[in-house]
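*Asks:* Sending over work-v1.txt (compact mmCIF, C-alpha atoms).
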# COMPACT_ATOMS: atom_id res chain seq x y z
CA MET D 12 -25.77 -4.53 -22.33
CA VAL D 13 -23.93 -2.75 -19.56
CA LEU D 14 -23.19 -5.90 -17.55
CA GLU D 15 -21.44 -7.51 -20.50
CA LYS D 16 -18.94 -4.64 -20.38
CA LYS D 17 -18.72 -4.04 -16.64
CA ILE D 18 -20.17 -5.36 -13.40
CA MET D 19 -18.53 -2.99 -10.91
CA LEU D 20 -20.93 -0.22 -9.86
CA GLU D 21 -18.04 2.16 -9.32
CA LYS D 22 -17.13 1.96 -13.02
CA MET D 23 -20.61 2.90 -14.28
CA THR D 24 -21.96 6.31 -15.25
CA TYR D 25 -25.30 7.30 -13.81
CA ILE D 26 -26.82 6.74 -17.24
CA GLU D 27 -25.70 3.10 -17.19
CA VAL D 28 -26.90 2.27 -13.67
CA PRO D 29 -30.68 1.92 -14.37
CA GLU D 30 -29.96 -0.46 -17.26
CA ALA D 31 -27.60 -2.45 -15.04
CA VAL D 32 -30.28 -2.65 -12.34
CA LYS D 33 -32.74 -4.11 -14.88
CA THR D 34 -30.28 -6.61 -16.33
CA SER D 35 -29.21 -7.65 -12.83
CA ASN D 36 -32.92 -7.97 -11.90
CA GLY D 37 -32.29 -5.70 -8.94
CA ILE D 38 -29.46 -7.73 -7.49
CA VAL D 39 -26.43 -5.90 -6.11
CA ILE D 40 -23.62 -7.52 -4.14
CA ILE D 41 -21.92 -5.57 -1.34
CA PRO D 42 -18.68 -7.49 -0.56
CA MET C 176 12.80 -2.74 4.64
CA VAL C 177 9.07 -3.43 4.44
CA LEU C 178 8.14 -0.17 2.69
CA GLU C 179 10.51 -0.86 -0.17
CA LYS C 180 8.38 -3.91 -0.97
CA LYS C 181 4.90 -2.68 -0.04
CA ILE C 182 3.16 0.42 1.29
CA MET C 183 -0.41 -0.92 1.51
CA LEU C 184 -1.31 -1.90 5.06
CA GLU C 185 -3.69 -4.60 3.81
CA LYS C 186 -0.78 -6.44 2.15
CA MET C 187 1.31 -6.64 5.32
CA THR C 188 1.57 -9.46 7.84
CA TYR C 189 1.20 -8.52 11.47
CA ARG C 190 4.94 -9.07 11.90
CA GLU C 191 5.68 -6.49 9.21
CA VAL C 192 3.43 -3.77 10.58
CA PRO C 193 5.61 -2.62 13.52
CA GLU C 194 8.58 -2.33 11.15
CA ALA C 195 6.44 -0.39 8.65
CA VAL C 196 5.32 1.96 11.44
CA LYS C 197 8.98 2.70 12.23
CA GLU C 198 9.98 3.18 8.59
CA SER C 199 6.97 5.44 8.04
CA ASN C 200 7.86 7.42 11.22
CA GLY C 201 4.33 6.79 12.43
CA ILE C 202 2.59 8.16 9.33
CA VAL C 203 -0.45 6.37 7.95
CA ILE C 204 -2.69 7.68 5.18
CA ILE C 205 -6.41 6.92 5.18
CA PRO C 206 -7.73 7.73 1.68
CA CYS C 207 -11.38 8.74 1.52
CA GLY C 208 -13.45 9.00 -1.63
CA VAL C 209 -17.10 8.64 -2.55
CA LEU C 210 -19.44 6.83 -4.91
CA GLU C 211 -21.20 9.72 -6.65
CA ALA C 212 -22.60 10.59 -10.06
CA HIS C 213 -20.27 12.82 -12.09
CA GLY C 214 -22.35 13.73 -15.11
CA PRO C 215 -23.55 11.31 -17.81
CA TYR C 216 -20.08 10.53 -19.14
CA LEU C 217 -17.90 9.77 -16.10
CA PRO C 218 -17.94 6.82 -13.68
CA VAL C 219 -19.28 7.24 -10.18
CA ASN C 220 -15.88 6.62 -8.56
CA VAL C 221 -14.08 9.70 -9.95
CA ASP C 222 -13.13 11.20 -6.56
CA THR C 223 -11.91 7.86 -5.22
CA LEU C 224 -9.94 7.17 -8.38
CA TYR C 225 -7.81 10.32 -8.34
CA THR C 226 -7.41 10.31 -4.57
CA VAL C 227 -6.02 6.77 -4.54
CA GLU C 228 -3.78 7.48 -7.55
CA THR C 229 -2.26 10.61 -5.99
CA VAL C 230 -1.86 9.02 -2.56
CA THR C 231 -0.20 5.92 -4.00
CA ARG C 232 2.28 7.93 -6.07
CA ALA C 233 3.24 10.17 -3.14
CA ALA C 234 3.38 7.40 -0.54
CA ASN C 235 5.68 5.32 -2.76
CA GLU C 236 7.97 8.31 -3.26
CA VAL C 237 8.30 9.18 0.42
CA GLY C 238 7.85 5.72 1.96
CA VAL C 239 4.77 5.87 4.19
CA VAL C 240 1.96 3.41 4.94
CA VAL C 241 -1.44 3.59 3.21
CA ALA C 242 -4.54 2.11 4.88
CA PRO C 243 -7.44 0.75 2.80
CA THR C 244 -9.57 3.37 1.07
CA ILE C 245 -12.98 4.41 2.38
CA PRO C 246 -15.09 4.37 -0.81
CA TYR C 247 -18.27 6.00 0.59
CA GLY C 248 -19.06 9.46 1.88
CA ASN C 249 -21.56 12.32 2.05
CA VAL C 250 -23.21 12.60 -1.38
CA LYS C 251 -26.72 13.53 -0.31
CA GLN C 252 -26.93 16.23 -2.97
CA GLN C 253 -26.26 13.74 -5.78
CA MET C 254 -28.73 11.06 -4.72
CA GLY C 255 -31.05 12.11 -7.53
CA PHE C 256 -28.63 10.49 -9.96
CA PRO C 257 -28.38 6.66 -10.07
CA GLY C 258 -25.28 5.00 -8.67
CA SER C 259 -24.63 7.56 -5.94
CA VAL C 260 -24.37 5.94 -2.49
CA HIS C 261 -24.68 8.21 0.54
CA ILE C 262 -23.57 7.57 4.10
CA ARG C 263 -24.52 9.95 6.90
CA HIS C 264 -22.04 12.39 8.42
CA LYS C 265 -22.11 10.56 11.75
CA THR C 266 -21.45 7.23 9.99
CA LEU C 267 -18.35 8.63 8.28
CA ILE C 268 -17.17 10.32 11.48
CA ASN C 269 -17.55 7.10 13.48
CA LEU C 270 -15.92 4.99 10.77
CA VAL C 271 -12.85 7.23 10.52
CA LYS C 272 -12.57 7.48 14.29
CA ASP C 273 -12.77 3.70 14.79
CA ILE C 274 -10.13 3.17 12.09
CA GLY C 275 -7.96 5.88 13.63
CA HIS C 276 -8.14 4.42 17.13
CA SER C 277 -7.12 0.98 15.78
CA LEU C 278 -4.17 2.43 13.87
CA VAL C 279 -2.96 4.38 16.91
CA GLN C 280 -3.19 1.21 19.01
CA HIS C 281 -0.69 -0.37 16.60
CA GLY C 282 1.80 2.47 16.86
CA PHE C 283 0.89 5.01 14.19
CA ASN C 284 0.97 8.55 15.58
CA LYS C 285 0.35 10.66 12.48
CA LEU C 286 -3.05 10.02 10.89
CA LEU C 287 -3.55 11.70 7.52
CA VAL C 288 -7.07 11.45 6.16
CA VAL C 289 -6.74 12.27 2.46
CA ASN C 290 -10.06 13.31 1.04
CA GLY C 291 -11.19 13.62 -2.58
CA HIS C 292 -14.68 15.06 -2.10
CA GLY C 293 -15.96 18.45 -0.93
CA GLY C 294 -18.96 17.00 0.87
CA ASN C 295 -16.66 15.01 3.16
CA ILE C 296 -14.81 18.04 4.50
CA ALA C 297 -17.11 18.79 7.42
CA PRO C 298 -17.43 15.25 8.82
CA LEU C 299 -13.73 14.53 8.33
CA ASP C 300 -12.80 17.75 10.15
CA ILE C 301 -14.86 16.58 13.12
CA ALA C 302 -13.35 13.08 13.03
CA CYS C 303 -9.79 14.41 12.86
CA GLU C 304 -10.26 16.93 15.66
CA GLU C 305 -11.83 14.37 17.97
CA LEU C 306 -9.11 11.82 17.15
CA LYS C 307 -6.40 14.34 18.04
CA TYR C 308 -7.81 14.90 21.51
CA GLU C 309 -8.74 11.28 22.12
CA THR C 310 -5.47 9.70 20.98
CA GLY C 311 -2.78 12.38 21.14
CA ALA C 312 -1.85 11.62 17.52
CA ILE C 313 -1.16 14.30 14.93
CA THR C 314 -4.22 14.34 12.68
CA CYS C 315 -4.80 16.09 9.36
CA ASN C 316 -7.77 16.30 7.03
CA ILE C 317 -6.21 16.88 3.60
CA ALA C 318 -8.20 17.97 0.53
CA ILE C 319 -6.21 16.40 -2.27
CA TRP C 320 -7.57 18.73 -4.96
CA GLU C 321 -6.13 21.70 -3.05
CA MET C 322 -2.53 20.43 -3.36
CA ALA C 323 -1.93 22.59 -6.43
CA VAL C 324 -3.80 24.73 -8.92
CA VAL C 325 -3.04 23.77 -12.50
CA PRO C 326 -4.00 26.40 -15.10
CA LYS C 327 -6.95 25.56 -17.32
CA PRO C 328 -6.55 25.42 -21.13
CA GLU C 329 -7.21 28.68 -22.95
CA GLY C 330 -10.90 29.23 -23.68
CA SER C 331 -12.11 27.05 -20.79
CA PRO C 332 -15.31 28.21 -19.06
CA ASP C 333 -14.85 30.21 -15.84
CA ILE C 334 -16.22 27.41 -13.73
CA ASP C 335 -14.89 23.90 -14.10
CA ALA C 336 -15.94 21.91 -11.08
CA HIS C 337 -17.75 18.68 -10.22
CA GLY C 338 -17.60 16.33 -13.21
CA GLY C 339 -16.00 19.02 -15.36
CA ALA C 340 -13.02 18.93 -17.69
CA GLN C 341 -10.36 18.67 -14.98
CA GLU C 342 -12.01 15.65 -13.38
CA ALA C 343 -12.60 14.09 -16.80
CA SER C 344 -8.92 14.66 -17.56
CA LEU C 345 -7.94 12.85 -14.38
CA VAL C 346 -10.03 9.81 -15.30
CA MET C 347 -8.61 9.87 -18.84
CA ALA C 348 -5.10 9.77 -17.36
CA ILE C 349 -5.80 7.02 -14.82
CA SER C 350 -8.51 4.83 -16.36
CA PRO C 351 -9.33 6.06 -19.89
CA GLU C 352 -11.68 3.17 -20.68
CA ASP C 353 -14.08 4.55 -18.02
CA VAL C 354 -14.78 7.82 -19.88
CA ASP C 355 -17.76 7.76 -22.26
CA MET C 356 -17.19 10.83 -24.44
CA GLU C 357 -20.19 9.93 -26.62
CA SER C 358 -22.40 10.83 -23.65
CA ALA C 359 -20.46 14.01 -22.78
CA VAL C 360 -22.42 17.27 -22.64
CA VAL C 361 -21.66 20.75 -21.29
CA GLY C 362 -22.76 21.08 -17.65
CA LYS C 363 -23.88 24.52 -16.46
CA ILE C 364 -25.07 26.00 -13.18
CA VAL C 365 -28.69 26.89 -13.89
CA ILE C 366 -29.49 29.05 -10.85
CA ASP C 367 -28.61 32.60 -9.84
CA ARG C 368 -27.00 32.90 -6.46
CA PRO C 369 -25.99 35.70 -4.09
CA PRO C 370 -22.47 37.15 -4.42
CA ASN C 371 -19.64 35.48 -2.49
CA THR C 372 -21.57 32.25 -2.35
CA ALA C 373 -20.31 28.71 -2.80
CA LEU C 374 -22.75 25.95 -3.57
CA TRP C 375 -22.03 23.41 -0.90
CA SER C 376 -20.20 21.17 -1.31
CA ARG C 377 -18.08 23.42 -3.42
CA MET C 378 -19.88 22.44 -6.57
CA ALA C 379 -19.14 25.86 -7.97
CA GLY C 380 -15.46 25.74 -7.04
CA GLY C 381 -13.74 27.92 -4.47
CA VAL C 382 -14.95 28.91 -1.04
CA GLY C 383 -17.53 31.61 -0.42
CA ALA C 384 -18.63 33.38 2.74
CA VAL C 385 -22.06 31.87 2.17
CA HIS C 386 -22.41 28.12 1.81
CA LEU C 387 -25.71 27.65 0.02
CA PHE C 388 -26.96 24.09 0.38
CA VAL C 389 -28.47 22.83 -2.84
CA ASP C 390 -29.41 19.55 -4.39
CA SER C 391 -27.54 18.88 -7.60
CA ARG C 392 -30.87 18.68 -9.47
CA GLU C 393 -31.74 22.19 -8.23
CA ALA C 394 -28.54 23.72 -9.59
CA THR C 395 -27.62 21.68 -12.66
CA GLU C 396 -29.34 19.84 -15.49
CA TYR C 397 -27.03 16.84 -15.78
CA GLY C 398 -25.33 16.74 -12.35
CA HIS C 399 -21.99 18.15 -13.43
CA ILE C 400 -20.36 21.54 -14.07
CA GLY C 401 -17.89 22.14 -16.88
CA ASP C 402 -17.16 21.53 -20.54
CA PRO C 403 -15.74 18.06 -21.30
CA ALA C 404 -14.31 19.37 -24.59
CA PHE C 405 -11.40 20.78 -22.59
CA ALA C 406 -10.45 17.42 -21.10
CA SER C 407 -7.41 15.37 -22.07
CA ALA C 408 -5.23 12.67 -20.57
CA GLU C 409 -2.23 15.01 -20.80
CA ARG C 410 -4.03 17.62 -18.72
CA GLY C 411 -4.97 14.93 -16.20
CA GLU C 412 -1.38 13.77 -15.90
CA ARG C 413 -0.22 17.37 -15.30
CA VAL C 414 -2.74 17.72 -12.48
CA LEU C 415 -1.76 14.38 -10.95
CA ARG C 416 1.91 15.33 -10.99
CA ALA C 417 1.22 18.73 -9.43
CA TRP C 418 -0.98 17.28 -6.69
CA THR C 419 1.53 14.51 -6.01
CA ASN C 420 4.37 17.01 -5.70
CA GLY C 421 2.34 19.12 -3.28
CA PHE C 422 1.43 16.13 -1.17
CA VAL C 423 4.99 14.81 -1.19
CA GLU C 424 6.13 18.09 0.42
CA ILE C 425 3.63 17.64 3.23
CA LEU C 426 4.61 14.01 3.75
CA ARG C 427 8.32 14.84 3.89
CA PHE C 428 7.70 17.67 6.36
CA LEU C 429 5.84 15.31 8.69
CA LYS C 430 8.13 12.32 8.18
CA GLU C 431 11.19 14.43 9.02
CA ASP C 432 9.47 15.64 12.23
CA LYS C 433 9.60 19.27 11.18
CA LEU C 434 6.20 19.93 12.72
CA LYS C 435 7.02 21.18 16.23
CA PHE C 436 4.18 21.89 18.62
CA ARG C 437 4.82 24.18 21.60
CA SER C 438 4.92 22.13 24.77
CA PHE C 439 2.88 23.22 27.76
CA ASP C 440 1.95 21.97 31.21
CA GLY C 441 -1.40 20.31 31.70
CA ASP C 442 -3.74 17.97 29.92
CA ASN C 443 -4.53 18.80 26.32
CA ARG C 444 -7.39 16.32 26.00
The structure given in the file should be rewritten as structure tokens.
*Replies:*
Amino acid sequence: MVLEKKIMLEKMTYIEVPEAVKTSNGIVIIP
Amino acid sequence: MVLEKKIMLEKMTYREVPEAVKESNGIVIIPCGVLEAHGPYLPVNVDTLYTVETVTRAANEVGVVVAPTIPYGNVKQQMGFPGSVHIRHKTLINLVKDIGHSLVQHGFNKLLVVNGHGGNIAPLDIACEELKYETGAITCNIAIWEMAVVPKPEGSPDIDAHGGAQEASLVMAISPEDVDMESAVVGKIVIDRPPNTALWSRMAGGVGAVHLFVDSREATEYGHIGDPAFASAERGERVLRAWTNGFVEILRFLKEDKLKFRSFDGDNR
């Protein structure tokens, strides 16, 4: 589970991003 | 002395800023990175990471102000890989120009845009040139990776570029937990190209007479170029030190007002 290790998009590899999108159910926050 | 305590503009009160402008002799650095895929084993903030690290080291050494980092840029060619976030040239140009005008209004007269990404060169050149003529400030667009060339380890492939061993080394030196070596693979350029040709934006390294515009998926299999086996934190630290030293020289030159323009009659705007 990517989001258990990291939530910051900038820290993810492109391999991890699709899994993070699924786990986040498509939610991304832009502060 | 404000700059002995802090160099980041965002940490200053409005009372401290005029003092910081004086101590910095009008210099302010605007770091500019990107959010862009760097192969399957590196985070998408590689360019931002090493730009901020180098800028922070150099600015602390010389005593100049650093504005907040712009984390987005032109990464159109990498949009095929998840996590890349592209902003249009005109968006980046307008953003840098609006920031620059604000900083000049508060007394800064030397705006140094420090860039970590080849695809940002063109829009940042335009922003810096227009800012010069609109504000009268000294403006520079600085490619941080050009500060010094550090020799590659023996046996390295000829081309080590985007997401290659040097960039992996930099991440290992700055933020080692962000490198996933289990996912590391060799990244090759998979197209033939005419002689004297650089794949814009410098994916192939170096500058050619011909800038061939390609999508990363057209030229590579995994979105990066280089062999991660030649990466190490020690190599990354050597590169960071070399780049910092090169940038420190530029900062000192400007801070000591050694840049002398010829004066002339008439309007230069």
*Asks:* Quick one: everything within 12 Å of Glu305 of chain C, counting only C-alpha atoms, minus sequence neighbours fewer than 2 positions away in the same chain. Send it as a JSON list (two decimals) with C-alpha atoms, in the coordinates of the input.
*Replies:*
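out_32.json, freshly written:
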[["chain", "number", "residue", "atom", "x", "y", "z"],
["C", 268, "ILE", "CA", -17.17, 10.32, 11.48],
["C", 269, "ASN", "CA", -17.55, 7.10, 13.48],
["C", 271, "VAL", "CA", -12.85, 7.23, 10.52],
["C", 272, "LYS", "CA", -12.57, 7.48, 14.29],
["C", 273, "ASP", "CA", -12.77, 3.70, 14.79],
["C", 275, "GLY", "CA", -7.96, 5.88, 13.63],
["C", 276, "HIS", "CA", -8.14, 4.42, 17.13],
["C", 298, "PRO", "CA", -17.43, 15.25, 8.82],
["C", 299, "LEU", "CA", -13.73, 14.53, 8.33],
["C", 300, "ASP", "CA", -12.80, 17.75, 10.15],
["C", 301, "ILE", "CA", -14.86, 16.58, 13.12],
["C", 302, "ALA", "CA", -13.35, 13.08, 13.03],
["C", 303, "CYS", "CA", -9.79, 14.41, 12.86],
["C", 307, "LYS", "CA", -6.40, 14.34, 18.04],
["C", 308, "TYR", "CA", -7.81, 14.90, 21.51],
["C", 309, "GLU", "CA", -8.74, 11.28, 22.12],
["C", 310, "THR", "CA", -5.47, 9.70, 20.98],
["C", 311, "GLY", "CA", -2.78, 12.38, 21.14],
["C", 312, "ALA", "CA", -1.85, 11.62, 17.52],
["C", 313, "ILE", "CA", -1.16, 14.30, 14.93],
["C", 314, "THR", "CA", -4.22, 14.34, 12.68],
["C", 315, "CYS", "CA", -4.80, 16.09, 9.36],
["C", 316, "ASN", "CA", -7.77, 16.30, 7.03],
["C", 443, "ASN", "CA", -4.53, 18.80, 26.32],
["C", 444, "ARG", "CA", -7.39, 16.32, 26.00]]
*Asks:* Contacts from chain D to chain C, 12 Å maximum, all atoms listed in the file: show me the residue list as a list in words.
*Replies:*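 Going by the stated atoms only, the list reads Lys16, Lys17, Met19, Leu20, Glu21, Lys22, Met23, Thr24, Tyr25, Ile26, Glu27, Val28, Pro29, Glu30, Ala31, Val32, Val39 and Ile41 of chain D.
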*Asks:* In Å to one decimal, how far is atom CA of Cys207 of chain C from atom CA of Met254 of chain C?
*Replies:*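 Here the two named atoms are 18.6 Å from each other.
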*Asks:* Would you list the contacts of segment 280-292 of chain C as a list in words, taking every protein, DNA or RNA residue within 6 Å and counting only C-alpha atoms, but skipping same-chain residues closer than 2 positions in sequence?
*Replies:*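 Here the answer would be Gly201, Ile202, Val203, Ile204, Ile205, Pro206, Cys207, Gly208, Asp222, Thr226, Ser277, Leu278, Gly294, Asn295, Ala312, Ile313, Thr314, Cys315, Asn316, Ile317, Ala318 and Ile319 of chain C.
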*Asks:* Kindly give the distance, in Å, that separates atom CA of Val241 of chain C and atom CA of Ala336 of chain C, rounded to a single decimal.
*Replies:*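 Between these atoms lies a distance of 27.4 Å.
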*Asks:* Measuring between all atoms listed in the file, which one of C:Gln252, C:Ser331, C:Thr372, C:Ser407 shows the shortest distance to Leu345 of chain C?
*Replies:*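 Answer, going by the shortest atom-to-atom distance: C:Ser407.
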*Asks:* Find the residue from C:Val250, C:Ile274, C:Ala373, C:Val279 that sits nearest to Val385 of chain C; use all atoms listed in the file when measuring.
*Replies:*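 Residue with the minimum atom-to-atom distance to Val385 of chain C: C:Ala373.
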*Asks:* Find the distance between atom CA of Ala406 of chain C and atom CA of Glu357 of chain C and write it in Å to one decimal.
*Replies:*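 Taking atom CA of Ala406 of chain C and atom CA of Glu357 of chain C, their separation equals 13.5 Å.
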*Asks:* When you count all atoms listed in the file, which of these residues is closest to Val389 of chain C: C:His337, C:Arg437, C:Lys251, C:His264?
*Replies:*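 For Val389 of chain C, the nearest of the candidates is C:Lys251.
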*Asks:* Nearest to Leu270 of chain C among C:Val239, C:Met356, C:Ile366, C:Leu306, with distances taken over all atoms listed in the file: which residue is it?
*Replies:*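 Residue with the minimum atom-to-atom distance to Leu270 of chain C: C:Leu306.
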*Asks:* Given the choices C:Met183, C:Ile400, C:Val325, C:Met176, which gets closest to Gly421 of chain C if the distance is worked out from only C-alpha atoms?
*Replies:*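 Ranking C:Met183, C:Ile400, C:Val325, C:Met176 by distance to Gly421 of chain C, first place goes to C:Val325.
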